[in-house]
$ cat final13.cif   # mmCIF, C-alpha atoms and all ligand atoms
data_protein
loop_
_atom_site.label_atom_id
_atom_site.label_comp_id
_atom_site.auth_asym_id
_atom_site.auth_seq_id
_atom_site.Cartn_x
_atom_site.Cartn_y
_atom_site.Cartn_z
CA MET A 1 0.00 0.00 0.00
CA TYR A 2 1.02 3.66 -0.33
CA GLU A 3 1.74 5.52 2.88
CA ARG A 4 1.00 9.15 3.65
CA ASP A 5 4.61 10.19 2.79
CA ASP A 6 4.29 8.75 -0.73
CA PHE A 7 1.71 11.44 -1.52
CA THR A 8 3.74 14.46 -0.41
CA THR A 9 4.97 15.36 -3.90
CA ILE A 10 1.72 14.53 -5.66
CA LEU A 11 -0.34 16.63 -3.28
CA ALA A 12 1.99 19.66 -3.10
CA GLY A 13 -0.17 22.70 -3.81
CA PHE A 14 -3.38 20.64 -3.85
CA ARG A 15 -6.26 22.83 -2.66
CA GLY A 16 -8.99 20.22 -2.20
CA GLY A 17 -9.83 17.79 0.61
CA VAL A 18 -7.56 14.85 1.52
CA GLU A 19 -8.23 11.87 3.76
CA PHE A 20 -5.76 9.02 4.26
CA ASP A 21 -6.77 5.40 4.78
CA ALA A 22 -10.35 6.43 4.03
CA PRO A 23 -13.11 3.79 4.17
CA LEU A 24 -14.88 3.74 0.81
CA ASP A 25 -18.09 2.16 2.10
CA ALA A 26 -18.98 5.70 3.18
CA VAL A 27 -18.93 6.98 -0.41
CA THR A 28 -20.39 4.08 -2.40
CA SER A 29 -24.10 3.58 -2.98
CA LEU A 30 -23.75 -0.11 -2.02
CA ARG A 31 -22.17 0.93 1.32
CA ILE A 32 -19.39 -1.60 0.69
CA GLY A 33 -15.65 -1.21 0.19
CA GLY A 34 -12.28 -1.27 1.97
CA PRO A 35 -10.07 1.81 2.42
CA ALA A 36 -8.45 4.04 -0.17
CA ASP A 37 -4.81 4.86 0.63
CA ALA A 38 -5.77 8.49 -0.08
CA LEU A 39 -9.22 9.86 -0.90
CA VAL A 40 -9.15 13.33 -2.42
CA THR A 41 -11.80 15.84 -3.51
CA PRO A 42 -10.22 18.43 -5.86
CA ALA A 43 -11.33 22.03 -5.40
CA ASP A 44 -11.75 22.70 -9.13
CA VAL A 45 -10.70 21.61 -12.62
CA ASP A 46 -7.21 23.10 -12.20
CA ASP A 47 -6.70 21.00 -9.10
CA VAL A 48 -7.71 17.90 -11.11
CA CYS A 49 -5.23 18.75 -13.89
CA HIS A 50 -2.30 19.16 -11.46
CA LEU A 51 -3.16 15.96 -9.65
CA VAL A 52 -3.57 13.91 -12.83
CA ARG A 53 -0.19 15.15 -14.14
CA ARG A 54 1.66 14.57 -10.86
CA ALA A 55 0.18 11.13 -10.29
CA ALA A 56 1.07 10.09 -13.86
CA ALA A 57 4.63 11.41 -13.48
CA ALA A 58 5.09 9.64 -10.13
CA ARG A 59 3.40 6.48 -11.46
CA VAL A 60 1.00 6.42 -8.53
CA PRO A 61 -2.36 4.91 -9.51
CA LEU A 62 -5.22 7.41 -9.63
CA MET A 63 -8.84 6.32 -9.87
CA THR A 64 -11.89 8.52 -10.27
CA LEU A 65 -14.86 7.26 -8.36
CA GLY A 66 -18.46 8.36 -8.71
CA GLY A 67 -19.60 5.79 -6.18
CA THR A 68 -22.61 4.30 -7.96
CA ASN A 69 -22.64 1.39 -10.41
CA LEU A 70 -19.54 0.21 -8.61
CA LEU A 71 -18.36 -2.55 -6.29
CA VAL A 72 -15.23 -1.73 -4.27
CA LYS A 73 -13.60 -4.89 -2.95
CA ASP A 74 -12.98 -5.48 0.75
CA GLY A 75 -9.22 -4.79 0.58
CA GLY A 76 -9.84 -1.29 -0.75
CA VAL A 77 -7.94 0.66 -3.39
CA ARG A 78 -4.21 1.43 -3.60
CA GLY A 79 -2.99 4.87 -4.55
CA VAL A 80 -5.24 7.90 -4.92
CA VAL A 81 -9.02 7.75 -5.25
CA MET A 82 -10.50 10.99 -6.52
CA ARG A 83 -14.07 12.17 -6.04
CA LEU A 84 -15.24 15.08 -8.17
CA SER A 85 -18.13 16.07 -5.90
CA ARG A 86 -16.98 19.70 -5.73
CA LEU A 87 -17.07 20.00 -9.52
CA ASP A 88 -20.82 20.35 -9.82
CA ALA A 89 -21.41 23.54 -11.82
CA MET A 90 -24.10 23.60 -14.52
CA THR A 91 -24.55 26.35 -17.08
CA ARG A 92 -26.89 27.15 -19.94
CA GLU A 93 -25.10 27.60 -23.27
CA GLU A 94 -26.08 29.05 -26.64
CA GLY A 95 -28.83 27.19 -28.43
CA ALA A 96 -30.42 24.32 -26.55
CA CYS A 97 -27.20 23.28 -24.79
CA VAL A 98 -26.14 22.83 -21.20
CA CYS A 99 -22.64 22.29 -19.82
CA ALA A 100 -22.06 20.37 -16.60
CA GLU A 101 -18.99 19.57 -14.58
CA ALA A 102 -18.32 15.88 -14.05
CA GLY A 103 -19.31 15.75 -10.39
CA ALA A 104 -22.82 17.13 -10.94
CA ARG A 105 -25.51 14.55 -10.22
CA MET A 106 -27.61 13.39 -13.17
CA PRO A 107 -30.99 14.16 -11.51
CA ALA A 108 -29.72 17.67 -10.67
CA LEU A 109 -28.73 18.14 -14.30
CA MET A 110 -32.10 16.84 -15.45
CA GLY A 111 -33.80 19.34 -13.09
CA PHE A 112 -31.58 22.17 -14.33
CA ALA A 113 -32.39 21.29 -17.95
CA ALA A 114 -36.12 21.25 -17.11
CA SER A 115 -35.79 24.70 -15.50
CA GLN A 116 -34.36 25.89 -18.83
CA ASN A 117 -37.24 24.23 -20.76
CA LEU A 118 -34.83 21.69 -22.24
CA SER A 119 -35.81 18.07 -22.79
CA GLY A 120 -33.64 14.98 -23.41
CA LEU A 121 -32.48 13.91 -19.96
CA GLU A 122 -35.77 12.68 -18.48
CA TRP A 123 -34.44 9.12 -18.52
CA ALA A 124 -31.96 10.25 -15.85
CA ALA A 125 -34.64 11.15 -13.28
CA GLY A 126 -33.66 9.46 -10.04
CA ILE A 127 -30.50 7.85 -11.43
CA PRO A 128 -28.04 8.54 -8.63
CA GLY A 129 -24.84 8.70 -10.74
CA THR A 130 -22.70 11.66 -11.71
CA VAL A 131 -22.34 13.28 -15.13
CA GLY A 132 -18.76 11.97 -15.39
CA GLY A 133 -19.83 8.45 -14.52
CA ALA A 134 -22.74 8.63 -16.97
CA VAL A 135 -20.36 9.72 -19.75
CA VAL A 136 -17.70 7.05 -19.19
CA MET A 137 -20.21 4.21 -19.18
CA ASN A 138 -22.65 5.70 -21.70
CA ALA A 139 -25.32 5.32 -19.02
CA GLY A 140 -28.91 5.00 -20.06
CA THR A 141 -32.17 3.15 -19.98
CA ARG A 142 -34.59 2.01 -22.62
CA LEU A 143 -35.84 5.61 -22.77
CA GLY A 144 -32.50 7.05 -23.77
CA GLU A 145 -28.79 7.10 -23.12
CA MET A 146 -25.91 9.53 -22.87
CA ARG A 147 -24.89 9.24 -26.50
CA ASP A 148 -28.31 10.58 -27.59
CA CYS A 149 -27.58 14.01 -26.14
CA LEU A 150 -23.82 14.22 -25.60
CA ASP A 151 -22.26 16.96 -27.73
CA ALA A 152 -18.71 17.09 -26.33
CA VAL A 153 -16.59 15.81 -23.47
CA ARG A 154 -13.80 17.63 -21.64
CA LEU A 155 -10.92 15.63 -20.19
CA ALA A 156 -7.91 16.33 -17.99
CA THR A 157 -5.04 14.52 -19.73
CA PRO A 158 -2.03 12.83 -18.05
CA ASP A 159 0.26 15.67 -19.19
CA GLY A 160 -1.81 18.11 -17.15
CA GLY A 161 -3.69 19.63 -20.08
CA LEU A 162 -7.36 19.82 -20.99
CA VAL A 163 -8.82 18.48 -24.22
CA THR A 164 -12.32 18.65 -25.66
CA ARG A 165 -13.57 15.80 -27.83
CA ALA A 166 -16.70 16.10 -29.94
CA ALA A 167 -19.11 13.25 -29.28
CA ALA A 168 -19.33 12.76 -33.06
CA ASP A 169 -15.67 11.65 -32.99
CA LEU A 170 -16.19 9.08 -30.24
CA SER A 171 -17.21 5.50 -30.73
CA PHE A 172 -20.15 4.43 -28.54
CA ALA A 173 -21.64 1.03 -27.78
CA TYR A 174 -24.20 -0.25 -25.28
CA ARG A 175 -22.94 1.03 -21.87
CA HIS A 176 -19.55 1.83 -23.39
CA VAL A 177 -17.62 4.63 -25.05
CA ASP A 178 -13.98 4.77 -26.18
CA LEU A 179 -12.42 7.84 -24.59
CA PRO A 180 -8.86 9.13 -24.77
CA ALA A 181 -6.65 8.66 -21.68
CA GLY A 182 -7.54 11.10 -18.92
CA VAL A 183 -10.27 12.05 -16.48
CA VAL A 184 -13.63 13.39 -17.64
CA VAL A 185 -14.11 16.79 -16.01
CA GLY A 186 -17.17 18.01 -17.88
CA ALA A 187 -19.69 17.46 -20.64
CA ARG A 188 -21.73 19.54 -23.05
CA LEU A 189 -25.21 18.25 -23.85
CA GLN A 190 -27.35 19.08 -26.83
CA LEU A 191 -30.99 19.08 -25.74
CA VAL A 192 -34.36 19.94 -27.28
CA PRO A 193 -36.65 22.86 -26.32
CA ALA A 194 -39.89 21.69 -24.66
CA SER A 195 -42.31 22.91 -22.04
CA ARG A 196 -41.23 22.45 -18.45
CA THR A 197 -44.53 20.78 -17.55
CA HIS A 198 -44.10 18.23 -20.32
CA ILE A 199 -40.53 17.46 -19.19
CA GLU A 200 -41.42 17.20 -15.52
CA THR A 201 -44.43 14.97 -16.18
CA ARG A 202 -42.30 12.55 -18.19
CA ALA A 203 -39.58 12.53 -15.54
CA LYS A 204 -42.13 11.99 -12.76
CA ASP A 205 -43.81 9.07 -14.55
CA TYR A 206 -40.47 7.48 -15.15
CA LEU A 207 -39.33 7.92 -11.57
CA GLN A 208 -42.62 6.43 -10.39
CA TYR A 209 -41.99 3.36 -12.58
CA ARG A 210 -38.52 2.96 -11.10
CA LYS A 211 -39.79 3.33 -7.52
CA GLN A 212 -42.38 0.62 -8.17
CA THR A 213 -40.01 -1.82 -9.86
CA GLN A 214 -36.62 -1.20 -8.21
CA PRO A 215 -35.38 -1.42 -4.59
CA LEU A 216 -34.40 2.24 -4.44
CA SER A 217 -34.65 2.51 -0.64
CA GLN A 218 -32.00 -0.15 -0.03
CA PRO A 219 -28.24 0.24 -0.69
CA ASN A 220 -27.73 -0.88 -4.30
CA ALA A 221 -25.59 -0.02 -7.30
CA GLY A 222 -28.15 -0.05 -10.10
CA SER A 223 -28.46 -2.87 -12.60
CA VAL A 224 -25.85 -5.53 -11.91
CA PHE A 225 -25.72 -7.04 -15.41
CA LYS A 226 -26.08 -5.59 -18.88
CA ASN A 227 -29.20 -6.74 -20.65
CA PRO A 228 -28.16 -9.44 -23.13
CA PRO A 229 -29.38 -8.99 -26.73
CA GLN A 230 -33.12 -9.63 -27.02
CA ALA A 231 -33.50 -10.45 -23.31
CA ALA A 232 -33.79 -8.83 -19.90
CA ALA A 233 -31.24 -9.89 -17.30
CA GLY A 234 -33.86 -9.44 -14.55
CA ARG A 235 -36.23 -11.88 -16.25
CA LEU A 236 -33.48 -14.51 -16.76
CA ILE A 237 -32.42 -14.25 -13.10
CA GLU A 238 -36.01 -14.44 -11.84
CA ASP A 239 -36.71 -17.44 -14.09
CA ALA A 240 -33.66 -19.17 -12.59
CA GLY A 241 -35.46 -18.94 -9.23
CA LEU A 242 -32.90 -16.59 -7.71
CA LYS A 243 -35.07 -13.74 -6.42
CA GLY A 244 -34.36 -13.35 -2.70
CA CYS A 245 -31.26 -15.60 -2.88
CA ARG A 246 -28.62 -14.56 -0.31
CA VAL A 247 -24.94 -14.87 0.43
CA GLY A 248 -24.42 -13.29 3.85
CA ASP A 249 -26.12 -9.90 3.70
CA ALA A 250 -25.90 -9.70 -0.11
CA GLN A 251 -29.31 -10.44 -1.63
CA VAL A 252 -30.91 -10.67 -5.06
CA SER A 253 -33.64 -8.09 -4.62
CA PRO A 254 -37.08 -9.66 -4.34
CA ARG A 255 -38.37 -6.57 -6.16
CA HIS A 256 -36.04 -6.61 -9.18
CA ALA A 257 -33.79 -9.57 -9.87
CA ASN A 258 -31.13 -7.52 -11.69
CA PHE A 259 -30.48 -5.55 -8.50
CA LEU A 260 -28.34 -6.83 -5.64
CA VAL A 261 -28.95 -5.13 -2.33
CA ASN A 262 -26.92 -4.82 0.85
CA LEU A 263 -29.12 -5.90 3.75
CA GLY A 264 -26.70 -4.37 6.25
CA ARG A 265 -23.27 -5.91 6.61
CA ALA A 266 -22.66 -7.38 3.17
CA ARG A 267 -19.04 -7.64 2.08
CA ALA A 268 -17.77 -7.36 -1.46
CA ALA A 269 -16.79 -11.03 -1.25
CA ASP A 270 -20.46 -11.91 -0.57
CA MET A 271 -21.58 -9.84 -3.57
CA LEU A 272 -18.97 -11.50 -5.81
CA GLU A 273 -20.01 -14.99 -4.68
CA LEU A 274 -23.64 -14.16 -5.41
CA ILE A 275 -22.72 -12.72 -8.84
CA ASP A 276 -20.82 -15.91 -9.64
CA LYS A 277 -23.78 -18.08 -8.60
CA ILE A 278 -26.18 -16.03 -10.74
CA GLN A 279 -23.90 -16.24 -13.79
CA ARG A 280 -23.46 -20.01 -13.39
CA ASP A 281 -27.16 -20.74 -12.77
CA VAL A 282 -28.39 -18.56 -15.65
CA PHE A 283 -25.79 -20.03 -18.02
CA ARG A 284 -26.69 -23.59 -17.04
CA ARG A 285 -30.38 -22.87 -17.65
CA THR A 286 -30.23 -20.72 -20.78
CA GLY A 287 -26.71 -20.74 -22.24
CA VAL A 288 -26.63 -16.92 -21.80
CA ARG A 289 -23.48 -15.44 -20.24
CA LEU A 290 -24.55 -12.41 -18.21
CA GLU A 291 -21.99 -9.63 -18.42
CA LEU A 292 -21.43 -7.27 -15.46
CA GLU A 293 -22.59 -3.68 -15.81
CA TRP A 294 -21.02 -2.81 -12.43
CA ARG A 295 -17.38 -1.83 -12.35
CA VAL A 296 -15.46 -3.93 -9.81
CA VAL A 297 -12.32 -2.31 -8.38
CA GLY A 298 -9.78 -2.78 -5.60
CA ASP A 299 -7.98 -5.62 -3.82
CA ASP A 300 -9.48 -8.74 -2.32
CA ASP A 301 -7.51 -8.57 0.90
CA ALA A 302 -6.82 -5.82 3.41
CA PRO A 303 -3.65 -3.82 2.69
CA ARG A 304 -0.46 -4.60 4.57
CA ARG A 305 1.46 -1.70 6.03
CA ARG A 306 5.15 -1.58 5.22
CA GLY A 307 7.25 -3.26 7.87
CA THR A 308 4.43 -5.48 9.10
CA GLY A 309 5.78 -8.43 7.06
N1 LIG A 401 -38.22 -8.37 -15.14
C1 LIG A 401 -38.54 -9.57 -14.58
N2 LIG A 401 -38.15 -9.82 -13.29
C2 LIG A 401 -37.48 -8.91 -12.55
C3 LIG A 401 -37.14 -7.66 -13.14
C4 LIG A 401 -37.52 -7.41 -14.44
O1 LIG A 401 -39.14 -10.43 -15.21
O2 LIG A 401 -37.16 -9.21 -11.39
C5 LIG A 401 -38.65 -8.06 -16.52
C6 LIG A 401 -39.67 -6.94 -16.54
O3 LIG A 401 -40.97 -7.41 -16.34
C7 LIG A 401 -39.48 -6.36 -17.92
C8 LIG A 401 -38.00 -6.60 -18.21
O4 LIG A 401 -37.56 -7.59 -17.26
O5 LIG A 401 -40.23 -7.09 -18.87
C9 LIG A 401 -37.18 -5.33 -18.08
O6 LIG A 401 -37.27 -4.84 -16.76
P1 LIG A 401 -37.24 -3.27 -16.40
O7 LIG A 401 -38.32 -2.55 -17.10
O8 LIG A 401 -37.19 -3.16 -14.92
O9 LIG A 401 -35.90 -2.74 -17.04
P2 LIG A 401 -34.42 -3.31 -17.02
O10 LIG A 401 -34.07 -3.67 -18.43
O11 LIG A 401 -34.22 -4.34 -15.97
C10 LIG A 401 -33.32 -1.00 -17.51
C11 LIG A 401 -32.04 -0.31 -17.08
C12 LIG A 401 -32.25 0.41 -15.75
C13 LIG A 401 -33.44 1.36 -15.86
C14 LIG A 401 -34.67 0.53 -16.29
C15 LIG A 401 -35.94 1.35 -16.47
C16 LIG A 401 -30.26 -1.74 -17.99
C17 LIG A 401 -29.23 -2.78 -17.69
N3 LIG A 401 -30.99 -1.32 -16.93
O12 LIG A 401 -33.57 -2.03 -16.57
O13 LIG A 401 -31.09 1.19 -15.51
O14 LIG A 401 -33.67 2.03 -14.65
O15 LIG A 401 -34.40 -0.08 -17.57
O16 LIG A 401 -35.87 2.09 -17.63
O17 LIG A 401 -30.39 -1.32 -19.13
C18 LIG A 401 -29.01 0.90 -14.43
O18 LIG A 401 -28.55 0.72 -15.56
O19 LIG A 401 -28.30 0.89 -13.39
C19 LIG A 401 -30.44 1.09 -14.30
C20 LIG A 401 -31.04 1.15 -13.13
#
$ encode --input "final13.cif" --output "structure tokens" --more "lines below"
Ligand code: EPU
Amino acid sequence: MYERDDFTTILAGFRGGVEFDAPLDAVTSLRIGGPADALVTPADVDDVCHLVRRAAAARVPLMTLGGTNLLVKDGGVRGVVMRLSRLDAMTREEGACVCAEAGARMPALMGFAASQNLSGLEWAAGIPGTVGGAVVMNAGTRLGEMRDCLDAVRLATPDGGLVTRAAADLSFAYRHVDLPAGVVVGARLQLVPASRTHIETRAKDYLQYRKQTQPLSQPNAGSVFKNPPQAAAGRLIEDAGLKGCRVGDAQVSPRHANFLVNLGRARAADMLELIDKIQRDVFRRTGVRLELEWRVVGDDDAPRRRGTG
């Protein structure tokens, strides 16, 4: 693991928040995860650029973490984990565009767009993720996805610079986009003028559907698996008789089978065992290999301090 002293050079002049040996269960929607060697919250985009450049130069791993759609393993994450929660500005641009910093929450952005009479993000109502997270995984639902409205992405590059890439030059796939190396710090979205009432009604209906069908009041990380072509992962898992199935405090939600919930003290190892069981059972029954939508990061085992053998 990296010790506090290893970060002295990287964090020289850093203006944001820093916490060493920081438990990540406090910042993940699943409420699971071991410690980060250093958890940092940059003050602004400049702070991100300096940190990205210094970490790259010192070859210290740097991970950006939104905290949703993510399973952090029990041993935690080595190096620097960066949260962009202070980068949450949203602005109206010329035409029917909005710009958002990467740490802005998707529902907040949807609300901001509605206040500007701009439609196109209603699918994001109640989705807990950040703009940056939604960009990097081309988040979406059957109502829409990021690629439908993304106009451009801004990234902090490993040399400490900033680049803007037009969405038209990026290659998108289902829950995936190929981005250049770097950290997404903002996005520009091309939306469509519409009445606020129309937008808010659509968003409300959609949120209502999610509340009825998904276990939103329990710690979860959104859909666990991508929907396979021509099928719904939730249906396949339910048909395999796995609703309610548990490993420790990790449970297949009785409400929606493509959600795993933390009943209290679930560990990442429990979640991974349950994921493995689901994949094996569904494959045995149907021949379909369910692919994870969650990102899984970190080490299996707790870090060892230097000198403790
Ligand atoms: N179904 C079952 N059993 C279940 C759950 C679902 O049979 O336990 C069936 C439903 O009856 C329906 C089908 O599966 O016929 C699809 O279910 P649902 O409408 O709930 O949508 P989904 O495909 O499971 C997707 C997104 C969600 C988004 C919802 C609503 C993916 C992987 N997931 O879920 O996005 O909220 O549509 O639009 O595309 C996320 O990605 O994290 C996420 C929450």
$ closest_residue --input "final13.cif" --among "A:Leu121, A:Met82, A:Ile278, A:Val131" --to "Cys49 in chain A" --atoms "only C-alpha atoms"
A:Met82
$ closest_residue --input "final13.cif" --among "A:Trp294, A:Tyr174, A:Tyr2, A:Phe259" --to "Arg210 in chain A" --atoms "all atoms listed in the file"
A:Phe259
$ residues_around --input "final13.cif" --residues "range 269-274 of chain A" --least-positions-apart "6" --cutoff "8 Å" --atoms "only C-alpha atoms" --output "MDAnalysis selection string"
chainID A and resid 73:74 246:251 260 300
$ atom_distance --input "final13.cif" --atom1 "atom O15 of ligand LIG 401 (chain A)" --atom2 "CA of Gly182 in chain A"
29.1 Å
$ closest_residue --input "final13.cif" --among "A:Asp159, A:Glu19, A:Asp25, A:Asp148" --to "Leu51 in chain A" --atoms "only C-alpha atoms"
A:Asp159
$ closest_residue --input "final13.cif" --among "A:Gly129, A:Pro303, A:Gly75, A:Gly103" --to "ligand LIG 401 (chain A)" --atoms "all atoms listed in the file"
A:Gly129
$ residues_near_ligand --input "final13.cif" --ligand "ligand LIG 401 (chain A)" --cutoff "8 Å" --atoms "only C-alpha atoms and all ligand atoms" --output "ChimeraX atom specification"
/A:69,123,127,139-143,206,209-210,213-214,221-227,231-239,243,253-258,293
$ write_last_selection --input "final13.cif" --atoms "C-alpha atoms" --output "mmCIF file, in the coordinates of the input"
data_model
loop_
_atom_site.group_PDB
_atom_site.id
_atom_site.type_symbol
_atom_site.label_atom_id
_atom_site.label_comp_id
_atom_site.auth_asym_id
_atom_site.auth_seq_id
_atom_site.Cartn_x
_atom_site.Cartn_y
_atom_site.Cartn_z
ATOM 1 C CA ASN A 69 -22.640 1.390 -10.410
ATOM 2 C CA TRP A 123 -34.440 9.120 -18.520
ATOM 3 C CA ILE A 127 -30.500 7.850 -11.430
ATOM 4 C CA ALA A 139 -25.320 5.320 -19.020
ATOM 5 C CA GLY A 140 -28.910 5.000 -20.060
ATOM 6 C CA THR A 141 -32.170 3.150 -19.980
ATOM 7 C CA ARG A 142 -34.590 2.010 -22.620
ATOM 8 C CA LEU A 143 -35.840 5.610 -22.770
ATOM 9 C CA TYR A 206 -40.470 7.480 -15.150
ATOM 10 C CA TYR A 209 -41.990 3.360 -12.580
ATOM 11 C CA ARG A 210 -38.520 2.960 -11.100
ATOM 12 C CA THR A 213 -40.010 -1.820 -9.860
ATOM 13 C CA GLN A 214 -36.620 -1.200 -8.210
ATOM 14 C CA ALA A 221 -25.590 -0.020 -7.300
ATOM 15 C CA GLY A 222 -28.150 -0.050 -10.100
ATOM 16 C CA SER A 223 -28.460 -2.870 -12.600
ATOM 17 C CA VAL A 224 -25.850 -5.530 -11.910
ATOM 18 C CA PHE A 225 -25.720 -7.040 -15.410
ATOM 19 C CA LYS A 226 -26.080 -5.590 -18.880
ATOM 20 C CA ASN A 227 -29.200 -6.740 -20.650
ATOM 21 C CA ALA A 231 -33.500 -10.450 -23.310
ATOM 22 C CA ALA A 232 -33.790 -8.830 -19.900
ATOM 23 C CA ALA A 233 -31.240 -9.890 -17.300
ATOM 24 C CA GLY A 234 -33.860 -9.440 -14.550
ATOM 25 C CA ARG A 235 -36.230 -11.880 -16.250
ATOM 26 C CA LEU A 236 -33.480 -14.510 -16.760
ATOM 27 C CA ILE A 237 -32.420 -14.250 -13.100
ATOM 28 C CA GLU A 238 -36.010 -14.440 -11.840
ATOM 29 C CA ASP A 239 -36.710 -17.440 -14.090
ATOM 30 C CA LYS A 243 -35.070 -13.740 -6.420
ATOM 31 C CA SER A 253 -33.640 -8.090 -4.620
ATOM 32 C CA PRO A 254 -37.080 -9.660 -4.340
ATOM 33 C CA ARG A 255 -38.370 -6.570 -6.160
ATOM 34 C CA HIS A 256 -36.040 -6.610 -9.180
ATOM 35 C CA ALA A 257 -33.790 -9.570 -9.870
ATOM 36 C CA ASN A 258 -31.130 -7.520 -11.690
ATOM 37 C CA GLU A 293 -22.590 -3.680 -15.810
#
$ atom_distance --input "final13.cif" --atom1 "CA of Leu109 in chain A" --atom2 "CA of Leu189 in chain A"
10.2 Å
$ closest_residue --input "final13.cif" --among "A:Ala57, A:Leu207, A:Gly126, A:Arg188" --to "Leu155 in chain A" --atoms "only C-alpha atoms"
A:Arg188
$ residues_around --input "final13.cif" --residues "Leu62 in chain A" --least-positions-apart "5" --cutoff "7 Å" --atoms "only C-alpha atoms" --output "PDB file with C-alpha atoms, keeping the file's coordinate frame"
ATOM      1  CA  ALA A  55       0.180  11.130 -10.290  1.00  0.00           C
ATOM      2  CA  GLY A  79      -2.990   4.870  -4.550  1.00  0.00           C
ATOM      3  CA  VAL A  80      -5.240   7.900  -4.920  1.00  0.00           C
ATOM      4  CA  VAL A  81      -9.020   7.750  -5.250  1.00  0.00           C
TER       5      VAL A  81
END
$ atom_distance --input "final13.cif" --atom1 "CA of Val163 in chain A" --atom2 "CA of Ala58 in chain A"
21.7 Å
$ residues_around --input "final13.cif" --residues "Pro180 in chain A" --least-positions-apart "4" --cutoff "10 Å" --atoms "all atoms listed in the file" --output "ChimeraX atom specification"
/A:155-157,163,165,170,184
$ closest_residue --input "final13.cif" --among "A:Pro215, A:Pro61, A:Gly186, A:Pro228" --to "Thr130 in chain A" --atoms "all atoms listed in the file"
A:Gly186
$ residues_around --input "final13.cif" --residues "Ala166 in chain A" --least-positions-apart "6" --cutoff "7 Å" --atoms "all atoms listed in the file" --output "ChimeraX atom specification"
/A:151-153
$ residues_around --input "final13.cif" --residues "Pro193 in chain A" --least-positions-apart "2" --cutoff "8 Å" --atoms "all atoms listed in the file" --output "list in words"
Ala96, Asn117, Leu118, Ser119, Leu191 and Ser195 of chain A
$ axis_aligned_box --input "final13.cif" --around "range 227-230 of chain A" --padding-each-side "3 Å" --output "lines of an AutoDock Vina configuration file"
center_x = -30.6
center_y = -8.2
center_z = -23.8
size_x = 11.0
size_y = 8.9
size_z = 12.4
$ build_atoms --input "final13.cif" --residues "range 57-67 of chain A" --atoms "N, CA, C and O atoms" --output "JSON list (two decimals), keeping the file's coordinate frame"
[["chain", "number", "residue", "atom", "x", "y", "z"],
["A", 57, "ALA", "N", 3.17, 11.28, -13.50],
["A", 57, "ALA", "CA", 4.63, 11.41, -13.48],
["A", 57, "ALA", "C", 5.24, 10.52, -12.39],
["A", 57, "ALA", "O", 6.29, 9.92, -12.58],
["A", 58, "ALA", "N", 4.55, 10.43, -11.24],
["A", 58, "ALA", "CA", 5.09, 9.64, -10.13],
["A", 58, "ALA", "C", 4.68, 8.16, -10.23],
["A", 58, "ALA", "O", 5.04, 7.35, -9.38],
["A", 59, "ARG", "N", 3.92, 7.85, -11.26],
["A", 59, "ARG", "CA", 3.40, 6.48, -11.46],
["A", 59, "ARG", "C", 2.63, 5.96, -10.24],
["A", 59, "ARG", "O", 2.74, 4.80, -9.87],
["A", 60, "VAL", "N", 1.89, 6.84, -9.62],
["A", 60, "VAL", "CA", 1.00, 6.42, -8.53],
["A", 60, "VAL", "C", -0.39, 6.25, -9.14],
["A", 60, "VAL", "O", -0.87, 7.15, -9.84],
["A", 61, "PRO", "N", -1.04, 5.11, -8.92],
["A", 61, "PRO", "CA", -2.36, 4.91, -9.51],
["A", 61, "PRO", "C", -3.38, 5.94, -9.03],
["A", 61, "PRO", "O", -3.38, 6.30, -7.85],
["A", 62, "LEU", "N", -4.19, 6.41, -9.95],
["A", 62, "LEU", "CA", -5.22, 7.41, -9.63],
["A", 62, "LEU", "C", -6.53, 6.92, -10.22],
["A", 62, "LEU", "O", -6.61, 6.64, -11.42],
["A", 63, "MET", "N", -7.53, 6.80, -9.39],
["A", 63, "MET", "CA", -8.84, 6.32, -9.87],
["A", 63, "MET", "C", -9.91, 7.36, -9.56],
["A", 63, "MET", "O", -9.92, 7.92, -8.46],
["A", 64, "THR", "N", -10.77, 7.61, -10.53],
["A", 64, "THR", "CA", -11.89, 8.52, -10.27],
["A", 64, "THR", "C", -13.09, 7.67, -9.90],
["A", 64, "THR", "O", -13.38, 6.67, -10.56],
["A", 65, "LEU", "N", -13.77, 8.09, -8.86],
["A", 65, "LEU", "CA", -14.86, 7.26, -8.36],
["A", 65, "LEU", "C", -16.12, 8.09, -8.18],
["A", 65, "LEU", "O", -16.11, 9.11, -7.49],
["A", 66, "GLY", "N", -17.18, 7.70, -8.90],
["A", 66, "GLY", "CA", -18.46, 8.36, -8.71],
["A", 66, "GLY", "C", -19.15, 7.77, -7.49],
["A", 66, "GLY", "O", -19.73, 8.48, -6.68],
["A", 67, "GLY", "N", -19.07, 6.45, -7.38],
["A", 67, "GLY", "CA", -19.60, 5.79, -6.18],
["A", 67, "GLY", "C", -20.85, 4.97, -6.44],
["A", 67, "GLY", "O", -21.27, 4.21, -5.58]]
